[in-house]
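Just coords-v2.txt here, compact mmCIF, C-alpha atoms:
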```txt
# COMPACT_ATOMS: atom_id res chain seq x y z
CA MET A 1 72.34 -15.10 -2.40
CA GLY A 2 70.23 -18.25 -2.28
CA TYR A 3 68.78 -20.11 0.68
CA ARG A 4 70.78 -19.91 3.90
CA ILE A 5 70.03 -21.34 7.31
CA LEU A 6 69.82 -18.45 9.74
CA GLU A 7 71.55 -18.58 13.11
CA THR A 8 70.86 -16.36 16.11
CA ASP A 9 73.73 -14.02 15.28
CA ASP A 10 72.41 -13.57 11.72
CA ILE A 11 68.98 -12.31 12.72
CA PRO A 12 69.71 -8.61 13.44
CA ALA A 13 71.36 -7.99 10.06
CA TYR A 14 68.72 -10.10 8.32
CA LEU A 15 65.87 -8.07 9.83
CA ARG A 16 67.60 -4.86 8.81
CA GLU A 17 68.14 -6.14 5.25
CA ARG A 18 64.45 -6.94 5.00
CA GLY A 19 63.41 -3.52 6.34
CA HIS A 20 62.04 -4.78 9.67
CA TRP A 21 64.61 -3.23 12.05
CA ASP A 22 66.81 -0.12 11.96
CA ASP A 23 68.92 0.14 15.13
CA LEU A 24 71.20 -2.86 15.34
CA ASP A 25 72.61 -1.56 18.63
CA ASP A 26 69.21 -2.02 20.24
CA ILE A 27 68.19 -5.58 19.41
CA ALA A 28 68.43 -8.82 21.33
CA VAL A 29 67.67 -12.17 19.70
CA ARG A 30 67.01 -15.56 21.25
CA GLU A 31 65.99 -18.86 19.73
CA VAL A 32 62.73 -20.28 21.08
CA SER A 33 62.27 -23.26 18.74
CA ASP A 34 59.83 -25.68 20.33
CA GLY A 35 58.11 -27.56 17.50
CA ASN A 36 59.35 -30.58 15.62
CA VAL A 37 60.28 -29.11 12.26
CA ASN A 38 61.15 -25.37 12.25
CA ARG A 39 63.35 -22.80 13.95
CA VAL A 40 61.85 -19.75 15.65
CA PHE A 41 63.63 -16.62 16.90
CA LEU A 42 62.40 -13.65 18.93
CA ALA A 43 63.93 -10.20 18.48
CA SER A 44 63.25 -7.36 20.91
CA ASN A 45 64.64 -3.99 21.96
CA ALA A 46 66.00 -3.13 25.39
CA ALA A 47 62.97 -1.12 26.41
CA GLY A 48 60.63 -3.98 25.60
CA THR A 49 58.53 -1.74 23.38
CA ARG A 50 59.18 -3.59 20.15
CA SER A 51 59.45 -7.27 19.28
CA LEU A 52 59.16 -9.55 16.27
CA ALA A 53 59.17 -13.29 15.68
CA LEU A 54 61.01 -14.95 12.80
CA LYS A 55 60.23 -18.51 11.73
CA GLN A 56 62.37 -20.36 9.22
CA ALA A 57 61.66 -23.70 7.59
CA LEU A 58 64.70 -25.98 7.57
CA PRO A 59 65.43 -28.53 4.82
CA TRP A 60 64.91 -31.28 7.38
CA VAL A 61 62.88 -32.06 10.50
CA ARG A 62 64.48 -29.92 13.20
CA VAL A 63 64.35 -32.51 15.98
CA ALA A 64 65.83 -35.22 13.74
CA GLY A 65 68.39 -33.24 11.75
CA PRO A 66 69.58 -34.03 8.21
CA SER A 67 68.75 -37.71 8.66
CA TRP A 68 65.08 -36.80 8.05
CA PRO A 69 65.04 -34.45 5.03
CA LEU A 70 61.95 -32.32 4.48
CA SER A 71 61.49 -29.66 1.82
CA PRO A 72 61.32 -26.10 3.19
CA ASP A 73 58.59 -25.44 0.60
CA ARG A 74 56.17 -25.99 3.47
CA ALA A 75 56.82 -22.35 4.40
CA ASN A 76 55.19 -21.34 1.11
CA ALA A 77 52.06 -23.24 2.16
CA GLU A 78 52.09 -21.50 5.53
CA ALA A 79 52.42 -18.06 3.94
CA ARG A 80 49.52 -18.81 1.55
CA ALA A 81 47.36 -19.98 4.45
CA TYR A 82 48.05 -16.83 6.44
CA GLU A 83 47.17 -14.75 3.38
CA GLN A 84 43.77 -16.41 3.15
CA LEU A 85 43.18 -16.36 6.90
CA ALA A 86 43.99 -12.65 7.04
CA LYS A 87 41.04 -12.01 4.72
CA VAL A 88 38.47 -13.75 6.89
CA ALA A 89 39.89 -14.05 10.43
CA PRO A 90 42.56 -11.35 10.85
CA ASP A 91 42.04 -11.13 14.60
CA GLU A 92 42.63 -14.85 15.16
CA ILE A 93 46.11 -15.14 13.58
CA PRO A 94 49.44 -13.39 14.21
CA ALA A 95 50.05 -10.28 12.13
CA ILE A 96 52.40 -11.17 9.27
CA HIS A 97 55.03 -8.50 8.54
CA GLY A 98 56.68 -10.21 5.59
CA TYR A 99 57.57 -13.47 3.89
CA ASP A 100 60.94 -14.22 2.28
CA PRO A 101 60.40 -17.11 -0.17
CA GLU A 102 64.11 -17.37 -0.96
CA ASN A 103 64.96 -18.21 2.65
CA TYR A 104 61.56 -19.68 3.58
CA ALA A 105 61.31 -17.22 6.46
CA LEU A 106 58.25 -15.52 7.95
CA VAL A 107 58.50 -12.38 10.06
CA MET A 108 55.44 -11.99 12.23
CA GLU A 109 53.90 -10.68 15.41
CA ASP A 110 55.54 -11.81 18.64
CA LEU A 111 52.96 -13.85 20.55
CA SER A 112 55.14 -14.52 23.58
CA ASP A 113 52.75 -12.59 25.85
CA LEU A 114 50.26 -15.41 25.18
CA GLU A 115 50.48 -19.08 26.14
CA VAL A 116 50.06 -22.25 24.10
CA LEU A 117 46.61 -23.68 24.74
CA ARG A 118 47.96 -27.15 25.49
CA THR A 119 50.29 -25.77 28.15
CA VAL A 120 47.46 -23.83 29.79
CA LEU A 121 45.22 -26.90 29.85
CA ASN A 122 47.95 -29.22 31.11
CA GLU A 123 48.50 -26.82 34.00
CA GLY A 124 44.86 -27.17 35.01
CA ALA A 125 43.23 -24.08 33.50
CA SER A 126 39.92 -24.18 31.66
CA TYR A 127 39.26 -23.45 28.01
CA GLY A 128 37.13 -20.48 28.92
CA PRO A 129 33.97 -19.46 27.08
CA HIS A 130 35.65 -18.00 24.00
CA THR A 131 38.37 -20.35 22.72
CA SER A 132 36.46 -23.16 21.05
CA ALA A 133 33.79 -20.86 19.63
CA GLN A 134 36.53 -18.74 18.06
CA ILE A 135 38.10 -21.84 16.55
CA GLY A 136 34.76 -22.99 15.14
CA ARG A 137 34.12 -19.63 13.53
CA LEU A 138 37.62 -19.44 12.08
CA VAL A 139 37.31 -22.89 10.50
CA ALA A 140 33.92 -21.97 9.04
CA ARG A 141 35.15 -18.71 7.54
CA LEU A 142 38.26 -20.24 6.03
CA ALA A 143 36.34 -23.26 4.75
CA PHE A 144 33.46 -21.33 3.20
CA SER A 145 35.60 -18.58 1.66
CA THR A 146 37.92 -21.06 -0.06
CA SER A 147 35.27 -23.56 -1.14
CA ASP A 148 33.31 -23.75 -4.36
CA PHE A 149 30.43 -22.20 -2.42
CA GLY A 150 32.28 -19.02 -1.52
CA MET A 151 34.99 -18.48 -4.14
CA PRO A 152 34.69 -17.76 -7.87
CA SER A 153 35.50 -20.82 -9.95
CA ALA A 154 38.67 -19.50 -11.61
CA GLU A 155 40.12 -18.22 -8.33
CA ARG A 156 39.23 -21.47 -6.62
CA LYS A 157 41.01 -23.60 -9.23
CA ALA A 158 44.08 -21.38 -8.97
CA LEU A 159 44.04 -21.79 -5.19
CA VAL A 160 43.79 -25.57 -5.44
CA ALA A 161 46.74 -25.68 -7.83
CA ALA A 162 48.87 -23.32 -5.72
CA SER A 163 48.11 -25.09 -2.44
CA VAL A 164 49.41 -28.54 -3.29
CA ASN A 165 51.53 -29.63 -0.31
CA PRO A 166 52.60 -33.17 -1.18
CA GLU A 167 55.32 -33.83 1.39
CA LEU A 168 53.34 -32.76 4.40
CA CYS A 169 50.13 -34.37 3.15
CA LYS A 170 52.08 -37.63 2.78
CA ILE A 171 53.23 -37.30 6.38
CA THR A 172 49.60 -37.02 7.49
CA GLU A 173 48.48 -39.88 5.26
CA ASP A 174 51.16 -42.09 6.80
CA VAL A 175 51.48 -40.96 10.42
CA VAL A 176 47.78 -40.34 11.14
CA LEU A 177 45.91 -42.49 8.64
CA SER A 178 48.02 -45.58 8.13
CA GLU A 179 50.97 -46.35 10.40
CA PRO A 180 49.10 -46.85 13.72
CA TYR A 181 47.19 -49.75 12.13
CA ILE A 182 50.25 -51.62 10.85
CA GLU A 183 53.64 -52.63 12.17
CA HIS A 184 55.84 -49.56 11.70
CA GLU A 185 59.04 -48.22 13.21
CA HIS A 186 57.42 -44.85 14.00
CA ASN A 187 54.87 -46.44 16.32
CA HIS A 188 55.44 -46.69 20.05
CA TRP A 189 53.21 -46.91 23.10
CA HIS A 190 53.07 -47.38 26.83
CA GLU A 191 53.18 -51.06 27.72
CA GLY A 192 49.84 -50.62 29.45
CA VAL A 193 48.08 -50.18 26.09
CA ALA A 194 50.05 -52.79 24.12
CA ASP A 195 47.02 -55.09 23.92
CA LEU A 196 44.87 -52.34 22.40
CA ALA A 197 47.61 -51.45 19.91
CA ALA A 198 47.65 -55.08 18.78
CA ASP A 199 43.86 -55.27 18.69
CA PHE A 200 43.62 -52.16 16.51
CA ARG A 201 46.16 -53.54 14.04
CA SER A 202 44.08 -56.70 13.64
CA ASP A 203 40.62 -55.08 13.70
CA PRO A 204 39.14 -55.40 10.19
CA VAL A 205 36.21 -53.06 10.86
CA LEU A 206 38.45 -50.32 12.22
CA ARG A 207 41.03 -50.69 9.46
CA THR A 208 38.35 -50.46 6.75
CA GLU A 209 36.85 -47.33 8.27
CA VAL A 210 40.28 -45.72 8.58
CA ALA A 211 40.98 -46.63 4.96
CA ASP A 212 37.79 -44.81 4.01
CA LEU A 213 38.87 -41.71 5.94
CA ARG A 214 42.32 -41.89 4.37
CA HIS A 215 40.74 -41.90 0.93
CA VAL A 216 38.57 -38.91 1.86
CA PHE A 217 41.69 -37.06 3.03
CA MET A 218 43.48 -37.86 -0.22
CA THR A 219 40.67 -36.99 -2.63
CA SER A 220 38.20 -34.52 -1.07
CA ALA A 221 39.33 -31.03 -2.08
CA GLN A 222 36.58 -29.08 -0.33
CA ALA A 223 38.42 -26.05 1.07
CA LEU A 224 41.75 -24.69 2.25
CA LEU A 225 42.65 -26.18 5.63
CA HIS A 226 44.98 -25.20 8.42
CA GLY A 227 46.03 -28.86 8.26
CA ASP A 228 47.44 -29.21 11.78
CA LEU A 229 44.89 -27.55 14.04
CA HIS A 230 45.58 -28.88 17.51
CA SER A 231 45.96 -27.37 20.98
CA GLY A 232 49.66 -26.82 20.34
CA SER A 233 48.89 -24.49 17.42
CA VAL A 234 46.56 -22.20 19.37
CA MET A 235 47.70 -19.46 21.73
CA VAL A 236 45.46 -17.84 24.32
CA GLY A 237 45.62 -15.05 26.86
CA THR A 238 44.34 -11.55 27.47
CA ARG A 239 45.23 -8.15 26.08
CA ASP A 240 43.76 -4.98 27.55
CA GLY A 241 41.45 -7.15 29.62
CA ALA A 242 39.93 -8.92 26.61
CA PRO A 243 40.38 -12.62 25.77
CA VAL A 244 42.71 -13.34 22.85
CA VAL A 245 42.86 -16.47 20.67
CA ARG A 246 45.53 -16.81 17.98
CA VAL A 247 45.94 -19.74 15.58
CA PHE A 248 49.40 -20.27 14.12
CA ASP A 249 51.63 -22.79 12.30
CA PRO A 250 49.44 -23.60 9.25
CA GLU A 251 52.36 -25.13 7.35
CA PHE A 252 50.41 -28.35 6.72
CA SER A 253 47.83 -26.27 4.86
CA PHE A 254 46.32 -27.74 1.71
CA VAL A 255 42.93 -28.00 0.03
CA GLY A 256 41.17 -30.95 1.62
CA PRO A 257 38.13 -32.14 3.62
CA ILE A 258 36.73 -29.49 5.94
CA GLY A 259 36.18 -32.03 8.70
CA PHE A 260 39.89 -32.63 9.09
CA ASP A 261 40.57 -29.33 10.87
CA LEU A 262 37.60 -29.76 13.17
CA GLY A 263 38.54 -33.37 13.83
CA LEU A 264 42.09 -32.53 14.91
CA TYR A 265 40.82 -29.86 17.28
CA TRP A 266 38.20 -32.19 18.76
CA ALA A 267 40.73 -34.98 19.23
CA ASN A 268 42.98 -32.76 21.29
CA ALA A 269 40.03 -31.49 23.33
CA LEU A 270 38.91 -35.05 24.08
CA VAL A 271 42.41 -36.15 25.08
CA SER A 272 42.73 -33.08 27.30
CA GLU A 273 39.44 -34.07 28.89
CA GLU A 274 40.83 -37.50 29.71
CA ARG A 275 43.84 -35.85 31.35
CA ALA A 276 41.55 -33.64 33.43
CA ARG A 277 39.41 -36.64 34.35
CA ALA A 278 42.48 -38.60 35.48
CA LEU A 279 43.59 -35.71 37.68
CA GLY A 280 40.11 -35.13 39.08
CA ARG A 281 39.85 -31.57 37.81
CA LEU A 282 37.30 -31.58 35.00
CA THR A 283 36.08 -28.07 34.31
CA ASP A 284 34.63 -27.08 30.95
CA HIS A 285 36.43 -29.71 28.86
CA ALA A 286 33.24 -31.61 28.10
CA ASP A 287 31.72 -28.62 26.30
CA GLN A 288 34.40 -27.98 23.70
CA LEU A 289 33.21 -30.22 20.88
CA ARG A 290 29.70 -28.80 21.16
CA LEU A 291 30.86 -25.19 21.41
CA SER A 292 33.15 -25.40 18.41
CA TRP A 293 30.61 -27.28 16.26
CA GLU A 294 27.77 -24.90 17.10
CA ALA A 295 29.96 -21.91 16.26
CA PHE A 296 31.14 -23.55 13.04
CA GLU A 297 27.63 -24.51 11.92
CA THR A 298 26.14 -21.12 12.83
CA GLU A 299 28.85 -19.25 10.94
CA PHE A 300 28.73 -21.53 7.90
CA ARG A 301 24.94 -21.23 7.69
CA ALA A 302 25.16 -17.45 8.03
CA LEU A 303 27.60 -17.26 5.11
CA TRP A 304 25.65 -19.70 2.91
CA PRO A 305 22.77 -17.57 1.55
CA THR A 306 24.98 -14.62 0.63
CA ARG A 307 26.95 -16.15 -2.23
CA VAL A 308 25.84 -19.69 -3.00
CA ASP A 309 24.18 -20.68 -6.26
CA THR A 310 20.49 -21.25 -5.51
CA PHE A 311 20.78 -24.79 -6.85
CA PHE A 312 22.50 -25.64 -3.56
CA ASP A 313 19.44 -25.10 -1.40
CA ALA A 314 18.85 -25.42 2.35
CA ALA A 315 18.19 -29.15 2.10
CA TYR A 316 21.56 -29.64 0.42
CA LEU A 317 23.25 -27.50 3.07
CA ASP A 318 21.82 -29.76 5.78
CA ARG A 319 23.17 -32.82 3.97
CA PHE A 320 26.57 -31.21 3.43
CA LEU A 321 26.93 -30.27 7.09
CA ARG A 322 25.92 -33.77 8.22
CA ARG A 323 28.76 -35.12 6.07
CA VAL A 324 31.24 -32.63 7.51
CA TRP A 325 30.12 -33.55 11.03
CA ALA A 326 30.56 -37.28 10.46
CA GLU A 327 33.95 -36.90 8.80
CA SER A 328 35.09 -34.60 11.62
CA LEU A 329 34.26 -37.32 14.15
CA GLY A 330 36.17 -39.90 12.13
CA PHE A 331 39.25 -37.73 11.78
CA ALA A 332 39.09 -36.95 15.50
CA GLY A 333 39.24 -40.66 16.21
CA THR A 334 42.26 -41.22 13.99
CA GLU A 335 44.12 -38.32 15.60
CA ILE A 336 43.43 -39.63 19.11
CA ILE A 337 44.72 -43.07 18.19
CA ARG A 338 47.91 -41.90 16.49
CA ARG A 339 48.73 -39.65 19.45
CA ILE A 340 48.80 -42.69 21.75
CA ILE A 341 50.08 -45.65 19.71
CA GLY A 342 51.59 -43.87 16.71
CA PHE A 343 54.10 -41.05 16.28
CA ALA A 344 54.31 -37.77 18.27
CA HIS A 345 52.50 -38.47 21.52
CA LEU A 346 50.70 -35.79 23.53
CA THR A 347 52.09 -34.39 26.76
CA ASP A 348 48.48 -34.29 27.98
CA LEU A 349 48.89 -38.01 28.65
CA THR A 350 52.64 -38.62 28.82
CA THR A 351 53.07 -36.25 31.77
CA LEU A 352 50.40 -37.96 33.89
CA PRO A 353 51.73 -39.85 36.92
CA ASP A 354 50.05 -42.94 35.47
CA PRO A 355 48.86 -42.46 31.90
CA VAL A 356 47.46 -45.94 31.31
CA GLU A 357 43.80 -45.55 32.29
CA ALA A 358 43.40 -42.22 30.48
CA SER A 359 45.21 -43.55 27.43
CA ARG A 360 43.05 -46.67 27.26
CA ARG A 361 39.86 -44.63 27.60
CA ALA A 362 41.01 -42.24 24.87
CA LEU A 363 41.94 -45.07 22.51
CA LEU A 364 38.54 -46.72 22.89
CA ILE A 365 36.78 -43.38 22.42
CA GLY A 366 38.83 -42.86 19.26
CA ARG A 367 37.73 -46.21 17.89
CA GLU A 368 34.07 -45.46 18.64
CA LEU A 369 34.25 -42.12 16.84
CA ILE A 370 35.69 -43.78 13.75
CA VAL A 371 33.41 -46.80 13.42
CA ARG A 372 30.21 -45.08 14.62
CA ARG A 373 30.68 -41.68 13.00
CA ALA A 374 27.67 -42.11 10.70
CA GLU A 375 25.27 -42.89 13.57
CA LEU A 376 26.43 -40.31 16.13
CA ALA A 377 24.28 -37.43 14.96
CA THR A 378 24.67 -34.80 17.67
CA PRO A 379 27.19 -33.52 20.25
CA ASP A 380 24.99 -35.05 22.97
CA GLU A 381 25.33 -38.50 21.40
CA VAL A 382 29.10 -38.07 21.25
CA ARG A 383 29.05 -36.91 24.86
CA ALA A 384 27.30 -40.15 25.84
CA VAL A 385 30.09 -42.15 24.16
CA VAL A 386 32.80 -40.16 25.89
CA ALA A 387 31.12 -40.44 29.30
CA THR A 388 30.72 -44.23 29.12
CA ASP A 389 32.76 -46.23 31.63
CA ARG A 390 35.48 -48.25 29.92
```
Please go through the file and, once you have read it, give me the structure as C-alpha cells.
Amino acid sequence: MGYRILETDDIPAYLRERGHWDDLDDIAVREVSDGNVNRVFLASNAAGTRSLALKQALPWVRVAGPSWPLSPDRANAEARAYEQLAKVAPDEIPAIHGYDPENYALVMEDLSDLEVLRTVLNEGASYGPHTSAQIGRLVARLAFSTSDFGMPSAERKALVAASVNPELCKITEDVVLSEPYIEHEHNHWHEGVADLAADFRSDPVLRTEVADLRHVFMTSAQALLHGDLHSGSVMVGTRDGAPVVRVFDPEFSFVGPIGFDLGLYWANALVSEERARALGRLTDHADQLRLSWEAFETEFRALWPTRVDTFFDAAYLDRFLRRVWAESLGFAGTEIIRRIIGFAHLTDLTTLPDPVEASRRALLIGRELIVRRAELATPDEVRAVVATDR
C-alpha cells in the first residue's frame, strides 16, 4: 500500500492488520502527541486491562507541518536503537511489540502509568536514588556493547553503516553545536540574557572550543548513542512498589562520541538544579552528575576485562574514560547554552515566574563546562563551578 499517515480513526484497523489487536468493538484510541516531530496514539480496552502505544514518524516536523520537511527514516534509527538496547538494558526501555518500516510506525508498551522526568522535576519532586544511576548504567552498557571494545569487528562495521542518521545528526550539528554562536533565525532568548547571547557570539575562546566539540561529534564514531537523552526522554514511576525508569525516543540514534549522551543528560540535570535553586527547593539535584558518572564508570570498568583485547590495558582504560568525561562536560555545556539562547527552550526555565537569574547562571555554567572541560577532573570540581555565585 505504501506509506500512509495514520489518523486516530485508522488505528484500530491498523493494529488488527498488524496482529496486535483482535476485538475492534473493544478499543478506544486517543492521540497524545507531545514532542516536536512525531505522532503518538494510545489504544486501550474498556476494562483497562490492555493498552498499547503507537508512534509514527511524519515526513515533516509535527509542530511545524509540511513547511519543515523531515525524512521519516528516523523511525528506522529508533527501531535499531531499541533493538540494541533490548540486548543490554531491556528493563530500562519500553517493550517493543513490532516495527512497520513501510509506515515508519512502532507499536510498543504503553508507559502512561509513568511520568516524564522533566514534568516530575518541574513539579518539585526529587530525582530519587535510582534514576541517574540507572541512566549511567544504561549508557555504559549501550556504549560498551556497540563499541570496538565490546563488538566483533565485522558486526561493528555493519552497525556503523546501518546507523547513519544524516538528517537528524545535521539538526544536532546546527541547533546544538553551531547556531547559538552565530546570528540565526532559530535563536531566541529572554531579553534579560541578551547581553550574554551577544557575548557568546563574539567570544573567540568559546567559539573555538565549541568548534572542537562539533568536530568530535561529526567524526568520533565510538559507539551507538541514544542521541537525544534528556529529561524529556526518560519516564519514571513505580510498579508493584518498585521504582521504574524507562528511556524512550532514541530516534536521533547514531554511532558517535559516548560523551554526547552523558552530556545531554547532565545538561538537563544542571538546568533543573537552577530551577530548583530559583524556587528555593533544592533536594538531590546536586548529586545527579556524580551519581550517573559513577554508575557509568563502574559499569564500563566491569565490562572491560571480559572482552577487550589485552593490548587495551588498564592504563589505556583510564585515559579513555578521562576523555569521555571531558567530552561529556563539553557537550553538557553546549546543550545548556542552546536550550537558553538557541532553539527549543526548556520549560524548567521558561515556566519560572522570573527566569532571568537562573538562565544567566545556567549560561555561565555552560560556558565554564565547555572551556574548562580538560581541567575539571572530578564531579567535585564540577560541583564547585556550579555552586559559585554568579
**OP:** May I have the residues within 8 Å of stretch 58-69 of chain A as a PyMOL selection string, using only C-alpha atoms and disregarding those fewer than 3 positions away in the same chain?
**Re:** chain A and resi 5+36-39+72
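In this structure, atom CA of A:Phe331 sits 4.9 Å away from atom CA of A:Gly263.
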| So which one's closest to A:Pro243, A:Asp284, A:Glu273, A:Asp91, A:Glu109? Using only C-alpha atoms, please. |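 Nearest to A:Pro243: A:Asp91.
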Find the residues around A:Glu335 up to 8 Å (all atoms listed in the file counted), leave out those fewer than 5 positions away in its own chain, and share them as a compact mmCIF listing (two decimals) with C-alpha atoms, in the frame of the given file.
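Output saved as part_28.txt:
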```
# COMPACT_ATOMS: atom_id res chain seq x y z
CA VAL A 176 47.78 -40.34 11.14
CA GLY A 263 38.54 -33.37 13.83
CA LEU A 264 42.09 -32.53 14.91
CA ALA A 267 40.73 -34.98 19.23
CA GLY A 366 38.83 -42.86 19.26
```
Neighbours of point (29.6, -38.1, 7.3) within 10 Å, using all atoms listed in the file, written as a list in words: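 Here is the list of nearby residues: Gly259, Arg319, Phe320, Leu321, Arg322, Arg323, Val324, Trp325, Ala326, Glu327, Ser328, Leu329, Gly330, Arg373, Ala374, Glu375, Leu376 and Ala377 of chain A.
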When you look at A:Ala133 with a cut-off of 12 Å (counting all atoms listed in the file), what residues show up, excluding the ones that are within fewer than 3 positions of it in the same chain? I need them as a PyMOL selection string.
chain A and resi 92+127-130+136-140+245+262+265+287-299
Take atom CA of A:Ala75 and atom CA of A:Asn103 and report the distance between them in Å, one decimal.
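Calculated distance between atom CA of A:Ala75 and atom CA of A:Asn103 is 9.3 Å.
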- Using atom CA of A:Ala53 and atom CA of A:Ala13 as the two end points, give the distance in Å to one decimal.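 Separation between atom CA of A:Ala53 and atom CA of A:Ala13: 14.4 Å.
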Among the residues A:Ala269, A:Val356, A:Ala315, A:Val205, the one that comes closest to A:Val386 [using all atoms listed in the file]: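 Smallest distance to A:Val386 is found for A:Ala269.
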For A:Leu15, the closest of A:Pro379, A:Pro355, A:Gly98, A:Pro152 counting only C-alpha atoms is A:Gly98
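Using only C-alpha atoms, the nearest neighbour of A:Met108 within the list A:Ala158, A:Ala79, A:Leu85, A:Leu352 is A:Ala79.
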Using all atoms listed in the file, the best pick from A:Lys170, A:His184, A:Arg239, A:His20 as closest to A:Ile96 would be A:His20
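Closest approach to A:Val175 among A:Ile93, A:Ala362, A:Ile370, A:Ile340 is made by A:Ile340 (distances from only C-alpha atoms).
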### Query
Counting all atoms listed in the file, what is within 10 Å of A:Val116, bar same-chain residues fewer than 5 positions away, as a PyMOL selection string?
chain A and resi 111+121+231-237+245-247
- [ ] Extract, using only C-alpha atoms, all DNA, RNA and protein residues at most 10 Å from A:Glu7, discarding same-chain residues fewer than 2 positions from it, and format them as a list in words.
- [x]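 Residues meeting the cut-off are Arg4, Ile5, Asp9, Asp10, Ile11, Val29, Arg30, Glu31, Arg39 and Phe41 of chain A.
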If you keep C-alpha atoms, can you produce a file of those selected residues as a short mmCIF file (atom, residue, chain, number, x, y, z; two decimals), in the frame of the given file?
```
data_model
loop_
_atom_site.label_atom_id
_atom_site.label_comp_id
_atom_site.auth_asym_id
_atom_site.auth_seq_id
_atom_site.Cartn_x
_atom_site.Cartn_y
_atom_site.Cartn_z
CA ARG A 4 70.78 -19.91 3.90
CA ILE A 5 70.03 -21.34 7.31
CA ASP A 9 73.73 -14.02 15.28
CA ASP A 10 72.41 -13.57 11.72
CA ILE A 11 68.98 -12.31 12.72
CA VAL A 29 67.67 -12.17 19.70
CA ARG A 30 67.01 -15.56 21.25
CA GLU A 31 65.99 -18.86 19.73
CA ARG A 39 63.35 -22.80 13.95
CA PHE A 41 63.63 -16.62 16.90
#
```
Polymer residues at most 10 Å from (38.1, -20.6, 0.0) by all atoms listed in the file, as a compact mmCIF listing (two decimals) with C-alpha atoms, keeping the file's coordinate frame:
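Written file, point32.txt:
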```txt
# COMPACT_ATOMS: atom_id res chain seq x y z
CA GLN A 84 43.77 -16.41 3.15
CA LEU A 85 43.18 -16.36 6.90
CA VAL A 88 38.47 -13.75 6.89
CA ARG A 141 35.15 -18.71 7.54
CA LEU A 142 38.26 -20.24 6.03
CA ALA A 143 36.34 -23.26 4.75
CA PHE A 144 33.46 -21.33 3.20
CA SER A 145 35.60 -18.58 1.66
CA THR A 146 37.92 -21.06 -0.06
CA SER A 147 35.27 -23.56 -1.14
CA ASP A 148 33.31 -23.75 -4.36
CA PHE A 149 30.43 -22.20 -2.42
CA GLY A 150 32.28 -19.02 -1.52
CA MET A 151 34.99 -18.48 -4.14
CA PRO A 152 34.69 -17.76 -7.87
CA GLU A 155 40.12 -18.22 -8.33
CA ARG A 156 39.23 -21.47 -6.62
CA LEU A 159 44.04 -21.79 -5.19
CA VAL A 160 43.79 -25.57 -5.44
CA GLN A 222 36.58 -29.08 -0.33
CA ALA A 223 38.42 -26.05 1.07
CA LEU A 224 41.75 -24.69 2.25
CA LEU A 225 42.65 -26.18 5.63
CA VAL A 255 42.93 -28.00 0.03
```
Filled-in N, CA and C atoms of stretch 104-115 of chain A, supplied as a tab-separated table (two decimals), in the frame of the given file:
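Here's the written file part.tsv:
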```
chain	number	residue	atom	x	y	z
A	104	TYR	N	62.67	-18.99	2.92
A	104	TYR	CA	61.56	-19.68	3.58
A	104	TYR	C	61.38	-19.17	5.01
A	105	ALA	N	61.37	-17.84	5.15
A	105	ALA	CA	61.31	-17.22	6.46
A	105	ALA	C	60.13	-16.26	6.57
A	106	LEU	N	59.38	-16.39	7.64
A	106	LEU	CA	58.25	-15.52	7.95
A	106	LEU	C	58.62	-14.61	9.11
A	107	VAL	N	58.36	-13.32	8.96
A	107	VAL	CA	58.50	-12.38	10.06
A	107	VAL	C	57.09	-12.00	10.49
A	108	MET	N	56.82	-12.16	11.76
A	108	MET	CA	55.44	-11.99	12.23
A	108	MET	C	55.39	-11.41	13.63
A	109	GLU	N	54.17	-11.18	14.06
A	109	GLU	CA	53.90	-10.68	15.41
A	109	GLU	C	54.48	-11.63	16.46
A	110	ASP	N	55.07	-11.05	17.49
A	110	ASP	CA	55.54	-11.81	18.64
A	110	ASP	C	54.35	-12.14	19.53
A	111	LEU	N	54.08	-13.42	19.73
A	111	LEU	CA	52.96	-13.85	20.55
A	111	LEU	C	53.40	-14.32	21.93
A	112	SER	N	54.61	-13.96	22.35
A	112	SER	CA	55.14	-14.52	23.58
A	112	SER	C	54.44	-14.01	24.84
A	113	ASP	N	53.56	-13.00	24.69
A	113	ASP	CA	52.75	-12.59	25.85
A	113	ASP	C	51.56	-13.53	26.04
A	114	LEU	N	51.33	-14.42	25.08
A	114	LEU	CA	50.26	-15.41	25.18
A	114	LEU	C	50.87	-16.77	25.53
A	115	GLU	N	50.02	-17.74	25.80
A	115	GLU	CA	50.48	-19.08	26.14
A	115	GLU	C	49.85	-20.09	25.18
```
